[in-house]
Each structure stands twice: as C-alpha cells, then as structure tokens.
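To be precise, the following lines are run-v8.cif, and they hold mmCIF, C-alpha atoms.
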data_coords
loop_
_atom_site.group_PDB
_atom_site.id
_atom_site.type_symbol
_atom_site.label_atom_id
_atom_site.label_comp_id
_atom_site.auth_asym_id
_atom_site.auth_seq_id
_atom_site.Cartn_x
_atom_site.Cartn_y
_atom_site.Cartn_z
ATOM 1 C CA MET A 50 87.711 -45.605 -249.429
ATOM 2 C CA ARG A 51 84.111 -44.647 -248.786
ATOM 3 C CA ALA A 52 83.062 -42.242 -246.049
ATOM 4 C CA PHE A 53 79.684 -40.723 -245.265
ATOM 5 C CA TYR A 54 78.840 -37.118 -244.534
ATOM 6 C CA SER A 55 75.805 -34.893 -244.429
ATOM 7 C CA ASP A 56 75.364 -31.175 -244.899
ATOM 8 C CA GLN A 57 73.034 -31.515 -241.914
ATOM 9 C CA PHE A 58 76.030 -32.378 -239.721
ATOM 10 C CA VAL A 59 76.594 -28.607 -239.550
ATOM 11 C CA LEU A 60 73.668 -27.672 -237.341
ATOM 12 C CA PRO A 61 72.811 -23.976 -236.936
ATOM 13 C CA LEU A 62 73.315 -23.078 -233.276
ATOM 14 C CA PRO A 63 72.713 -19.936 -231.214
ATOM 15 C CA PRO A 64 75.592 -17.430 -231.080
ATOM 16 C CA GLY A 65 78.171 -18.370 -228.470
ATOM 17 C CA HIS A 66 77.208 -22.054 -228.300
ATOM 18 C CA ARG A 67 80.248 -24.047 -227.201
ATOM 19 C CA PHE A 68 79.882 -26.985 -229.590
ATOM 20 C CA PRO A 69 82.374 -26.597 -232.493
ATOM 21 C CA MET A 70 79.975 -27.380 -235.312
ATOM 22 C CA ALA A 71 82.292 -25.939 -237.977
ATOM 23 C CA LYS A 72 84.703 -28.868 -237.636
ATOM 24 C CA TYR A 73 82.578 -31.100 -239.873
ATOM 25 C CA ARG A 74 82.717 -28.732 -242.821
ATOM 26 C CA LEU A 75 86.433 -28.152 -242.289
ATOM 27 C CA LEU A 76 87.134 -31.883 -242.223
ATOM 28 C CA ARG A 77 85.141 -32.456 -245.388
ATOM 29 C CA ASP A 78 87.001 -29.663 -247.175
ATOM 30 C CA ARG A 79 90.401 -30.989 -246.069
ATOM 31 C CA LEU A 80 89.575 -34.520 -247.202
ATOM 32 C CA ASN A 81 88.387 -33.281 -250.594
ATOM 33 C CA THR A 82 91.648 -31.412 -251.050
ATOM 34 C CA GLU A 83 94.214 -33.723 -249.476
ATOM 35 C CA LEU A 84 92.719 -37.215 -249.758
ATOM 36 C CA PRO A 85 90.669 -37.203 -252.962
ATOM 37 C CA ASP A 86 90.629 -41.012 -252.994
ATOM 38 C CA VAL A 87 88.353 -40.915 -249.961
ATOM 39 C CA ASN A 88 84.965 -41.034 -251.665
ATOM 40 C CA LEU A 89 82.553 -38.827 -249.673
ATOM 41 C CA GLU A 90 78.926 -39.905 -250.018
ATOM 42 C CA PRO A 91 75.705 -38.455 -248.550
ATOM 43 C CA ALA A 92 74.541 -40.271 -245.432
ATOM 44 C CA PRO A 93 71.002 -41.651 -245.345
ATOM 45 C CA ALA A 94 68.739 -40.845 -242.419
ATOM 46 C CA ALA A 95 68.204 -43.723 -239.993
ATOM 47 C CA SER A 96 64.557 -44.770 -239.919
ATOM 48 C CA ASP A 97 62.379 -45.092 -236.827
ATOM 49 C CA GLY A 98 62.599 -48.868 -237.189
ATOM 50 C CA GLU A 99 66.400 -48.815 -237.276
ATOM 51 C CA LEU A 100 66.609 -46.473 -234.287
ATOM 52 C CA ALA A 101 64.135 -48.677 -232.391
ATOM 53 C CA LEU A 102 66.653 -51.514 -232.406
ATOM 54 C CA VAL A 103 68.315 -49.490 -229.625
ATOM 55 C CA HIS A 104 66.082 -46.621 -228.538
ATOM 56 C CA THR A 105 62.654 -46.743 -226.957
ATOM 57 C CA PRO A 106 59.764 -45.793 -229.282
ATOM 58 C CA SER A 107 58.609 -43.113 -226.845
ATOM 59 C CA TYR A 108 62.022 -41.444 -226.896
ATOM 60 C CA ILE A 109 62.265 -41.584 -230.701
ATOM 61 C CA GLN A 110 58.856 -39.978 -231.043
ATOM 62 C CA ALA A 111 59.600 -37.312 -228.445
ATOM 63 C CA VAL A 112 62.750 -36.350 -230.341
ATOM 64 C CA ALA A 113 60.984 -36.357 -233.695
ATOM 65 C CA GLN A 114 58.070 -34.248 -232.458
ATOM 66 C CA GLY A 115 60.027 -31.851 -230.274
ATOM 67 C CA ALA A 116 58.250 -33.185 -227.186
ATOM 68 C CA LEU A 117 61.243 -33.669 -224.911
ATOM 69 C CA SER A 118 61.051 -31.855 -221.597
ATOM 70 C CA GLU A 119 63.163 -28.774 -221.015
ATOM 71 C CA SER A 120 65.508 -30.738 -218.762
ATOM 72 C CA GLN A 121 65.846 -33.570 -221.315
ATOM 73 C CA GLN A 122 66.703 -31.100 -224.065
ATOM 74 C CA LYS A 123 69.146 -29.301 -221.784
ATOM 75 C CA GLU A 124 70.913 -32.596 -221.061
ATOM 76 C CA ILE A 125 71.396 -33.122 -224.804
ATOM 77 C CA GLY A 126 72.899 -29.642 -225.093
ATOM 78 C CA PHE A 127 71.318 -28.599 -228.396
ATOM 79 C CA PRO A 128 68.090 -26.635 -228.815
ATOM 80 C CA TRP A 129 65.348 -28.647 -230.517
ATOM 81 C CA THR A 130 64.766 -27.917 -234.192
ATOM 82 C CA PRO A 131 63.768 -30.128 -237.129
ATOM 83 C CA ALA A 132 67.397 -29.749 -238.268
ATOM 84 C CA MET A 133 68.596 -31.276 -234.999
ATOM 85 C CA VAL A 134 66.406 -34.313 -235.626
ATOM 86 C CA GLU A 135 67.620 -34.676 -239.207
ATOM 87 C CA ARG A 136 71.248 -34.307 -238.156
ATOM 88 C CA SER A 137 70.845 -37.001 -235.507
ATOM 89 C CA ARG A 138 69.186 -39.434 -237.909
ATOM 90 C CA ARG A 139 71.863 -38.933 -240.556
ATOM 91 C CA SER A 140 74.691 -39.238 -238.066
ATOM 92 C CA ALA A 141 73.339 -42.679 -237.120
ATOM 93 C CA GLY A 142 72.708 -43.536 -240.768
ATOM 94 C CA ALA A 143 76.300 -42.698 -241.669
ATOM 95 C CA THR A 144 77.710 -45.197 -239.179
ATOM 96 C CA VAL A 145 75.211 -47.811 -240.328
ATOM 97 C CA MET A 146 76.421 -47.393 -243.901
ATOM 98 C CA ALA A 147 80.084 -47.425 -242.871
ATOM 99 C CA ALA A 148 79.595 -50.639 -240.900
ATOM 100 C CA ARG A 149 77.616 -52.272 -243.704
ATOM 101 C CA LEU A 150 80.271 -51.502 -246.309
ATOM 102 C CA ALA A 151 83.129 -52.561 -244.057
ATOM 103 C CA LEU A 152 81.446 -55.842 -243.163
ATOM 104 C CA PHE A 153 79.442 -56.823 -246.240
ATOM 105 C CA GLY A 154 80.602 -54.512 -249.014
ATOM 106 C CA GLY A 155 84.187 -55.609 -249.473
ATOM 107 C CA GLN A 156 85.625 -52.371 -248.077
ATOM 108 C CA GLY A 157 87.179 -53.656 -244.870
ATOM 109 C CA VAL A 158 87.416 -50.028 -243.668
ATOM 110 C CA SER A 159 84.765 -47.325 -243.976
ATOM 111 C CA ALA A 160 83.912 -44.134 -242.103
ATOM 112 C CA ASN A 161 81.474 -41.564 -240.773
ATOM 113 C CA LEU A 162 82.688 -37.939 -240.821
ATOM 114 C CA ALA A 163 80.658 -37.326 -237.649
ATOM 115 C CA GLY A 164 79.119 -39.833 -235.222
ATOM 116 C CA GLY A 165 80.536 -41.214 -232.018
ATOM 117 C CA THR A 166 77.403 -40.199 -230.100
ATOM 118 C CA HIS A 167 78.195 -42.502 -227.210
ATOM 119 C CA HIS A 168 76.469 -40.574 -224.409
ATOM 120 C CA ALA A 169 72.998 -41.375 -225.778
ATOM 121 C CA TYR A 170 71.092 -44.004 -223.785
ATOM 122 C CA ALA A 171 68.167 -46.097 -224.981
ATOM 123 C CA ASP A 172 65.681 -43.642 -223.499
ATOM 124 C CA LYS A 173 67.505 -40.302 -223.362
ATOM 125 C CA GLY A 174 70.183 -38.170 -224.935
ATOM 126 C CA SER A 175 73.108 -36.483 -223.236
ATOM 127 C CA GLY A 176 76.303 -34.574 -223.901
ATOM 128 C CA PHE A 177 75.537 -33.469 -227.500
ATOM 129 C CA CYS A 178 74.354 -37.022 -228.333
ATOM 130 C CA VAL A 179 70.776 -37.734 -229.417
ATOM 131 C CA PHE A 180 70.842 -41.238 -230.946
ATOM 132 C CA ASN A 181 73.676 -43.690 -230.301
ATOM 133 C CA ASP A 182 75.075 -44.325 -233.790
ATOM 134 C CA ALA A 183 77.505 -47.101 -232.803
ATOM 135 C CA ALA A 184 74.764 -48.970 -230.962
ATOM 136 C CA VAL A 185 72.272 -48.633 -233.836
ATOM 137 C CA ALA A 186 74.863 -49.812 -236.362
ATOM 138 C CA THR A 187 75.824 -52.737 -234.126
ATOM 139 C CA ARG A 188 72.253 -53.950 -233.714
ATOM 140 C CA LEU A 189 71.468 -53.569 -237.407
ATOM 141 C CA MET A 190 74.618 -55.384 -238.532
ATOM 142 C CA GLN A 191 73.834 -58.213 -236.111
ATOM 143 C CA ALA A 192 70.356 -58.496 -237.622
ATOM 144 C CA GLU A 193 71.612 -58.448 -241.208
ATOM 145 C CA TRP A 194 74.366 -60.940 -240.392
ATOM 146 C CA GLY A 195 71.845 -63.226 -238.738
ATOM 147 C CA ARG A 196 69.871 -63.594 -241.979
ATOM 148 C CA MET A 197 72.877 -65.250 -243.636
ATOM 149 C CA HIS A 198 74.803 -66.951 -240.836
ATOM 150 C CA LYS A 199 73.930 -69.382 -238.070
ATOM 151 C CA HIS A 200 76.401 -67.937 -235.585
ATOM 152 C CA PRO A 201 75.812 -64.448 -234.152
ATOM 153 C CA LEU A 202 77.963 -61.484 -235.128
ATOM 154 C CA GLN A 203 80.245 -60.360 -232.315
ATOM 155 C CA VAL A 204 81.058 -56.641 -232.299
ATOM 156 C CA ALA A 205 83.819 -54.814 -230.418
ATOM 157 C CA ILE A 206 83.229 -51.105 -229.846
ATOM 158 C CA ILE A 207 86.623 -49.505 -229.231
ATOM 159 C CA ASP A 208 85.884 -46.071 -227.805
ATOM 160 C CA LEU A 209 88.928 -43.786 -227.644
ATOM 161 C CA ASP A 210 87.060 -40.534 -227.168
ATOM 162 C CA VAL A 211 88.367 -38.785 -224.051
ATOM 163 C CA HIS A 212 84.951 -39.168 -222.383
ATOM 164 C CA GLN A 213 83.553 -42.511 -221.272
ATOM 165 C CA GLY A 214 81.033 -44.133 -223.607
ATOM 166 C CA ASN A 215 78.470 -44.332 -220.841
ATOM 167 C CA GLY A 216 75.366 -44.686 -223.010
ATOM 168 C CA THR A 217 76.979 -47.434 -225.061
ATOM 169 C CA ALA A 218 78.078 -49.288 -221.923
ATOM 170 C CA ARG A 219 74.559 -49.238 -220.495
ATOM 171 C CA ILE A 220 72.902 -50.305 -223.754
ATOM 172 C CA PHE A 221 75.103 -53.387 -224.094
ATOM 173 C CA GLU A 222 75.659 -54.218 -220.434
ATOM 174 C CA ARG A 223 73.864 -57.582 -220.736
ATOM 175 C CA ASP A 224 74.854 -58.441 -224.316
ATOM 176 C CA ALA A 225 77.518 -61.146 -224.462
ATOM 177 C CA HIS A 226 77.940 -60.567 -228.214
ATOM 178 C CA VAL A 227 79.106 -56.935 -227.853
ATOM 179 C CA PHE A 228 82.332 -55.916 -226.113
ATOM 180 C CA THR A 229 82.567 -52.286 -225.006
ATOM 181 C CA LEU A 230 86.077 -50.907 -224.460
ATOM 182 C CA SER A 231 86.396 -47.319 -223.271
ATOM 183 C CA MET A 232 89.661 -45.456 -222.607
ATOM 184 C CA HIS A 233 88.885 -42.094 -221.073
ATOM 185 C CA GLY A 234 89.873 -39.418 -218.603
ATOM 186 C CA ALA A 235 89.154 -40.559 -215.065
ATOM 187 C CA ARG A 236 88.104 -37.079 -213.933
ATOM 188 C CA ASN A 237 86.249 -36.021 -217.070
ATOM 189 C CA PHE A 238 82.587 -36.089 -218.097
ATOM 190 C CA PRO A 239 80.472 -38.113 -217.447
ATOM 191 C CA PHE A 240 81.139 -37.864 -213.739
ATOM 192 C CA ASP A 241 78.797 -40.766 -212.914
ATOM 193 C CA LYS A 242 80.240 -43.476 -215.140
ATOM 194 C CA GLU A 243 78.733 -46.739 -216.287
ATOM 195 C CA ILE A 244 80.523 -50.097 -216.381
ATOM 196 C CA SER A 245 81.905 -51.096 -219.785
ATOM 197 C CA ASP A 246 83.281 -54.560 -220.468
ATOM 198 C CA LEU A 247 86.683 -52.888 -220.165
ATOM 199 C CA ASP A 248 87.218 -49.389 -218.777
ATOM 200 C CA ILE A 249 90.683 -47.818 -218.807
ATOM 201 C CA GLU A 250 90.743 -44.620 -216.749
ATOM 202 C CA LEU A 251 93.534 -42.160 -217.482
ATOM 203 C CA PRO A 252 94.959 -39.417 -215.249
ATOM 204 C CA ASP A 253 94.874 -35.742 -216.173
ATOM 205 C CA GLY A 254 97.926 -34.840 -218.249
ATOM 206 C CA CYS A 255 98.382 -38.378 -219.585
ATOM 207 C CA ASP A 256 101.121 -38.300 -222.242
ATOM 208 C CA ASP A 257 101.785 -40.311 -225.403
ATOM 209 C CA THR A 258 103.862 -43.021 -223.764
ATOM 210 C CA THR A 259 101.458 -43.690 -220.900
ATOM 211 C CA TYR A 260 98.460 -43.652 -223.227
ATOM 212 C CA LEU A 261 99.929 -46.009 -225.813
ATOM 213 C CA GLU A 262 101.070 -48.462 -223.150
ATOM 214 C CA ALA A 263 97.555 -48.490 -221.710
ATOM 215 C CA LEU A 264 96.047 -48.994 -225.167
ATOM 216 C CA GLU A 265 98.393 -51.876 -225.886
ATOM 217 C CA GLN A 266 97.378 -53.596 -222.666
ATOM 218 C CA ALA A 267 93.689 -52.945 -223.369
ATOM 219 C CA LEU A 268 93.903 -54.558 -226.808
ATOM 220 C CA VAL A 269 95.689 -57.571 -225.341
ATOM 221 C CA GLU A 270 92.869 -57.977 -222.821
ATOM 222 C CA LEU A 271 90.200 -57.481 -225.482
ATOM 223 C CA GLU A 272 91.801 -60.191 -227.603
ATOM 224 C CA ALA A 273 91.993 -62.582 -224.651
ATOM 225 C CA ARG A 274 88.323 -62.130 -223.765
ATOM 226 C CA PHE A 275 86.520 -61.643 -227.079
ATOM 227 C CA GLN A 276 86.676 -62.541 -230.766
ATOM 228 C CA PRO A 277 84.885 -59.840 -232.793
ATOM 229 C CA GLY A 278 83.747 -60.115 -236.364
ATOM 230 C CA LEU A 279 83.368 -56.320 -236.624
ATOM 231 C CA VAL A 280 85.054 -53.383 -234.914
ATOM 232 C CA ILE A 281 83.403 -49.998 -234.506
ATOM 233 C CA TYR A 282 86.081 -47.460 -233.582
ATOM 234 C CA LEU A 283 85.400 -44.049 -232.042
ATOM 235 C CA ALA A 284 88.501 -42.064 -233.001
ATOM 236 C CA GLY A 285 88.008 -39.036 -230.769
ATOM 237 C CA ALA A 286 90.329 -36.077 -231.340
ATOM 238 C CA ASP A 287 89.779 -34.789 -227.811
ATOM 239 C CA PRO A 288 92.718 -36.572 -226.100
ATOM 240 C CA HIS A 289 94.897 -34.008 -227.950
ATOM 241 C CA GLU A 290 96.928 -31.663 -225.756
ATOM 242 C CA GLY A 291 95.253 -28.638 -227.351
ATOM 243 C CA ASP A 292 91.684 -29.716 -226.593
ATOM 244 C CA ARG A 293 89.545 -27.418 -224.435
ATOM 245 C CA LEU A 294 87.724 -30.292 -222.704
ATOM 246 C CA GLY A 295 90.133 -33.209 -222.925
ATOM 247 C CA ARG A 296 92.537 -32.738 -219.960
ATOM 248 C CA LEU A 297 95.013 -35.206 -221.545
ATOM 249 C CA SER A 298 98.297 -34.343 -223.268
ATOM 250 C CA LEU A 299 98.619 -36.435 -226.413
ATOM 251 C CA SER A 300 100.532 -35.007 -229.368
ATOM 252 C CA PHE A 301 99.582 -35.274 -233.030
ATOM 253 C CA ASP A 302 102.127 -38.080 -233.349
ATOM 254 C CA GLY A 303 100.750 -39.863 -230.310
ATOM 255 C CA LEU A 304 97.217 -39.817 -231.652
ATOM 256 C CA GLU A 305 98.370 -41.039 -235.047
ATOM 257 C CA ALA A 306 100.205 -43.887 -233.303
ATOM 258 C CA ARG A 307 96.970 -44.651 -231.430
ATOM 259 C CA ASP A 308 95.074 -44.898 -234.707
ATOM 260 C CA ARG A 309 97.731 -47.106 -236.286
ATOM 261 C CA ARG A 310 97.621 -49.446 -233.321
ATOM 262 C CA VAL A 311 93.829 -49.882 -233.538
ATOM 263 C CA PHE A 312 93.775 -50.320 -237.316
ATOM 264 C CA ASP A 313 96.733 -52.687 -237.191
ATOM 265 C CA TRP A 314 95.097 -54.774 -234.468
ATOM 266 C CA ALA A 315 91.949 -55.179 -236.560
ATOM 267 C CA TRP A 316 93.873 -55.762 -239.791
ATOM 268 C CA SER A 317 96.103 -58.438 -238.248
ATOM 269 C CA LYS A 318 92.964 -60.453 -237.525
ATOM 270 C CA ARG A 319 91.209 -59.434 -240.757
ATOM 271 C CA ILE A 320 88.368 -57.831 -238.808
ATOM 272 C CA PRO A 321 86.401 -55.209 -240.778
ATOM 273 C CA LEU A 322 86.375 -51.821 -239.092
ATOM 274 C CA ALA A 323 83.997 -48.853 -239.286
ATOM 275 C CA PHE A 324 85.036 -45.630 -237.596
ATOM 276 C CA SER A 325 83.562 -42.306 -236.557
ATOM 277 C CA MET A 326 85.174 -39.066 -235.451
ATOM 278 C CA ALA A 327 83.516 -38.613 -232.023
ATOM 279 C CA GLY A 328 84.673 -35.649 -229.917
ATOM 280 C CA GLY A 329 87.079 -32.824 -230.614
ATOM 281 C CA TYR A 330 86.981 -29.375 -229.024
ATOM 282 C CA GLY A 331 90.329 -27.836 -229.871
ATOM 283 C CA LYS A 332 91.290 -24.404 -228.634
ATOM 284 C CA GLU A 333 92.345 -24.084 -232.255
ATOM 285 C CA MET A 334 89.790 -25.817 -234.467
ATOM 286 C CA THR A 335 92.479 -26.520 -237.029
ATOM 287 C CA HIS A 336 94.177 -28.771 -234.462
ATOM 288 C CA THR A 337 91.064 -30.921 -234.048
ATOM 289 C CA VAL A 338 90.669 -31.204 -237.799
ATOM 290 C CA GLN A 339 94.352 -32.085 -238.208
ATOM 291 C CA VAL A 340 93.960 -34.995 -235.780
ATOM 292 C CA GLN A 341 90.968 -36.178 -237.806
ATOM 293 C CA VAL A 342 92.738 -35.846 -241.153
ATOM 294 C CA ASN A 343 95.608 -37.886 -239.739
ATOM 295 C CA THR A 344 93.113 -40.594 -238.762
ATOM 296 C CA TYR A 345 91.851 -40.699 -242.338
ATOM 297 C CA ARG A 346 95.375 -40.992 -243.698
ATOM 298 C CA VAL A 347 95.972 -44.013 -241.469
ATOM 299 C CA ALA A 348 92.582 -45.495 -242.344
ATOM 300 C CA TYR A 349 93.194 -45.102 -246.067
ATOM 301 C CA ALA A 350 96.453 -47.056 -245.857
ATOM 302 C CA TYR A 351 94.640 -49.949 -244.184
ATOM 303 C CA TRP A 352 91.761 -49.739 -246.651
ATOM 304 C CA GLN A 353 94.345 -50.203 -249.408
ATOM 305 C CA ARG A 354 95.574 -53.352 -247.671
ATOM 306 C CA TRP A 355 92.049 -54.745 -247.727
ATOM 307 C CA GLN A 356 91.716 -54.051 -251.439
ATOM 308 C CA ASN A 357 95.055 -55.702 -252.161
ATOM 309 C CA LEU A 358 93.907 -58.699 -250.143
ATOM 310 C CA HIS A 359 90.868 -59.066 -252.399
ATOM 311 C CA LYS A 360 92.979 -58.787 -255.533
ATOM 312 C CA ASP A 361 95.453 -61.381 -254.323
ATOM 313 C CA SER A 362 92.868 -63.912 -253.211
ATOM 314 C CA ASN A 363 90.009 -63.190 -255.641
ATOM 315 C CA ASN A 364 87.694 -62.968 -252.635
ATOM 316 C CA PRO A 365 83.967 -62.496 -253.195
ATOM 317 C CA THR A 366 82.488 -59.135 -252.269
ATOM 318 C CA GLU A 367 81.451 -60.080 -248.739
ATOM 319 C CA ILE A 368 84.087 -60.339 -246.046
ATOM 320 C CA HIS A 369 83.819 -63.354 -243.745
ATOM 321 C CA PRO A 370 85.660 -62.576 -240.504
#
Any chance you could give the structure as structure tokens?
Amino acid sequence: MRAFYSDQFVLPLPPGHRFPMAKYRLLRDRLNTELPDVNLEPAPAASDGELALVHTPSYIQAVAQGALSESQQKEIGFPWTPAMVERSRRSAGATVMAARLALFGGQGVSANLAGGTHHAYADKGSGFCVFNDAAVATRLMQAEWGRMHKHPLQVAIIDLDVHQGNGTARIFERDAHVFTLSMHGARNFPFDKEISDLDIELPDGCDDTTYLEALEQALVELEARFQPGLVIYLAGADPHEGDRLGRLSLSFDGLEARDRRVFDWAWSKRIPLAFSMAGGYGKEMTHTVQVQVNTYRVAYAYWQRWQNLHKDSNNPTEIHP
C-alpha cells in the first residue's frame, strides 16, 4: 500500500507551541517498523495552479510571500516561514497523490500521513490549516476524471475528525457532485459552524456505542442521498478519550471499529478511498500515534482486498467505480 509523507510535515515551531508536530515523525517510524508493506513515498508540493482549483489566487500569493496580515496568520495558528509554505503545499500534494493512486492507479486505498486540513477556506486559513488538501484533491480528481469520462466524478468527503470540517463545507456548499459528511463534537471548535451536506453533532463524553450507532446511521443516509465514485476519508485521532482537545470518549477499539466501518462501506461498493490523518492532540502522544497506526492496519487489510480483486478479475490498472 502506498502512502505519502514529507520531512517538511515536521515544521519547526516556537518553544511551547501547542501543536503536536512530533506525531508525524513518530507515525512514520512506527509504520516503517510495524507495517513495512506500507510503501512510504515523498509527497510532491501542490502547484499554484492545483491550489487555485480551490483557493483564491490572492490568498495563495499572500501565503507564498508571507503577506498575510497578523490576524490572518494568527487564525492559522502557525508563524509564517518558508517551511510553513512548503509543508502546506506538500500536505495538499500528498492527498492529491493518494486520491490519484486510489482512483486511477489500481490501488483502491492510498494515504497521506498528514493532511485533513479541513478548516481552510477558499480565501483564508484557520485552525492549523493553510490549504484544504481534501478540497484540492477533489477538484483535481474531478478534472482528471473529466478528461476520460462523460459523466462527472462524484466525491464523498467523510470527515471523522472531532472538529467540524467547516472550510470544506463552505467550499462545496453549492456543488452537487461533492457530498460533505462531518461527525464532530457539538460544543467543540469551530464554534460558528458551517452547513455540510450531513452534519452529525455529538455530545461531550460520547462513547463507542453512541458514536458507532451515529456513524452507521450517517452512512445509511449518505448512501440514500449520494453515489460517490471516490471517498476521501479524514481519519482524525482526536475523538480518542485521551485527546486534549477532543471532549469525546472513544477507546482504541472504538476508533478501530469506526475505521473498519468506513473502509467496509467503501469496499462493499468498490469505491476507491484516499485517507488522511487529520487531528490528534493526545495528552500522551503515543496514544494519538497508536490510533493512527491502527487506522493503517485496517487500511492495509482493505488494500489487500483490492489487490486480490484485480488478480481474480484481471482488471486493467484504472478502477472504474
């Protein structure tokens, strides 16, 4: 299974900064040790043209040149540096590559070790998100699909980060070919929420049983309303009970069951799936990374199913959902 990383994902930050940047390196090290069949590849940087499928040219240039206002940079939550720009481009590029390989490259499942930057709007960043990787990948895959097919590509973005995907919801609010599903804490950031195609708001302290029942119902509704040809899955670790910012109470087993349900839903319909890791702010960083490693274990099992499908049917390289 192919997954994309970048050394630039680990951005140097001022001492005491609350973002847990070390988790990316820890996840990469764990995957190298425990899941050596996950092939980690360097992520390309998304170009201005690719970013402009979603973001306004003025915003892209302001980010690139360090010309954001103090308040705009504060809303993002990272200080501006050239490394911040490079990290943001490569985070978007990693999801683009994961989506391309899942959809066109015969993989069925592929991944970004970072990403899930769902608070970024077309014209601004927010909440540690500069460019919206899921939105950029969606737009680019729709364009590439459109060169070969008469019917448009429909994309479902299943966002299971503990925070609402507000930027993603706003970007696609008038796009009938993209379905945004967000399951998130009702009382968590962002406090002024947008309207997704399907929002599931969860109470503080939500446990495994309540969460999984809500997810099951959400997937039933998604299936009734939309027929995607690609799923982009934000597999946030922050619903875990040990997360500093999550306010929910899911166990390791509950989160693994969540992942299995999403992958199984996509697999049962033979829908290619690209996933990113999104949020995770564990009181113990090893807990966040463990949730993420578990996601990769689940993903790898479903990737194997896709490869067996190709062997059994002698399918061509491209997947036709």
Find the spatial neighbours of region 249-251 of chain A, counting only C-alpha atoms, within a cut-off of 7 Å - ignore same-chain residues fewer than 3 positions away - and output them as a PDB file with C-alpha atoms, keeping the file's coordinate frame.
ATOM      1  CA  SER A 231      86.396 -47.319-223.271  1.00  0.00           C
ATOM      2  CA  MET A 232      89.661 -45.456-222.607  1.00  0.00           C
ATOM      3  CA  HIS A 233      88.885 -42.094-221.073  1.00  0.00           C
ATOM      4  CA  GLY A 234      89.873 -39.418-218.603  1.00  0.00           C
ATOM      5  CA  ALA A 235      89.154 -40.559-215.065  1.00  0.00           C
ATOM      6  CA  CYS A 255      98.382 -38.378-219.585  1.00  0.00           C
TER       7      CYS A 255
END
Handout entry: Residue neighbourhood Leu80 (chain A), 12 Å, only C-alpha atoms, exclusion window fewer than 3 positions, as a PyMOL selection string
Key = chain A and resi 50-54+73-77+83-89+162+338-339+341-346+349
Handout entry: Distance in Å - CA of His212 (chain A) versus CA of Gly176 (chain A)
Key =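 Going from CA of His212 (chain A) over to CA of Gly176 (chain A), I get 9.9 Å.
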Problem - Protein, DNA and RNA residues within 9 Å of (73.2, -30.4, -226.8), only C-alpha atoms, as a list in words - result: Phe68, Gln122, Lys123, Glu124, Ile125, Gly126, Phe127, Pro128, Trp129, Gly174, Ser175, Gly176, Phe177, Cys178 and Val179 of chain A
Exercise for the section: Can you turn the PyMOL selection byres ((chain A and resi 321) around 8) into a concrete residue list for this file, as a PyMOL selection string? Expected result: chain A and resi 151-152+156-158+278-280+315-316+319-320+322-323+368+370
Can you write just those residues out, C-alpha atoms, as a PDB file, in the frame of the given file?
ATOM      1  CA  ALA A 151      83.129 -52.561-244.057  1.00  0.00           C
ATOM      2  CA  LEU A 152      81.446 -55.842-243.163  1.00  0.00           C
ATOM      3  CA  GLN A 156      85.625 -52.371-248.077  1.00  0.00           C
ATOM      4  CA  GLY A 157      87.179 -53.656-244.870  1.00  0.00           C
ATOM      5  CA  VAL A 158      87.416 -50.028-243.668  1.00  0.00           C
ATOM      6  CA  GLY A 278      83.747 -60.115-236.364  1.00  0.00           C
ATOM      7  CA  LEU A 279      83.368 -56.320-236.624  1.00  0.00           C
ATOM      8  CA  VAL A 280      85.054 -53.383-234.914  1.00  0.00           C
ATOM      9  CA  ALA A 315      91.949 -55.179-236.560  1.00  0.00           C
ATOM     10  CA  TRP A 316      93.873 -55.762-239.791  1.00  0.00           C
ATOM     11  CA  ARG A 319      91.209 -59.434-240.757  1.00  0.00           C
ATOM     12  CA  ILE A 320      88.368 -57.831-238.808  1.00  0.00           C
ATOM     13  CA  LEU A 322      86.375 -51.821-239.092  1.00  0.00           C
ATOM     14  CA  ALA A 323      83.997 -48.853-239.286  1.00  0.00           C
ATOM     15  CA  ILE A 368      84.087 -60.339-246.046  1.00  0.00           C
ATOM     16  CA  PRO A 370      85.660 -62.576-240.504  1.00  0.00           C
TER      17      PRO A 370
END
Problem - Atom-to-atom span, CA of Thr258 (chain A) and CA of Asn215 (chain A), Å - result: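 The value is 25.6 Å.
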Exercise for the section: Choose the residue, out of A:Pro239, A:Pro288, A:Gly98, A:Pro277, that has the smallest atom-to-atom separation from Tyr260 (chain A); count all atoms listed in the file. Expected result: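 Using all atoms listed in the file, the shortest distance to Tyr260 (chain A) belongs to A:Pro288.
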Practice task
Evaluate the PyMOL selection byres ((chain A and resi 229) around 12) here and jot the selected residues down as a PyMOL selection string.
Solution key: chain A and resi 167+183-184+187+203-209+213-228+230-232+243-249+267-268+270-271+274-275+277+280-283
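For the set A:Lys360, A:His336, A:Ala169, A:Asp182, the residue with the smallest atom-to-atom gap to Met146 (chain A) is A:Asp182, counting only C-alpha atoms.
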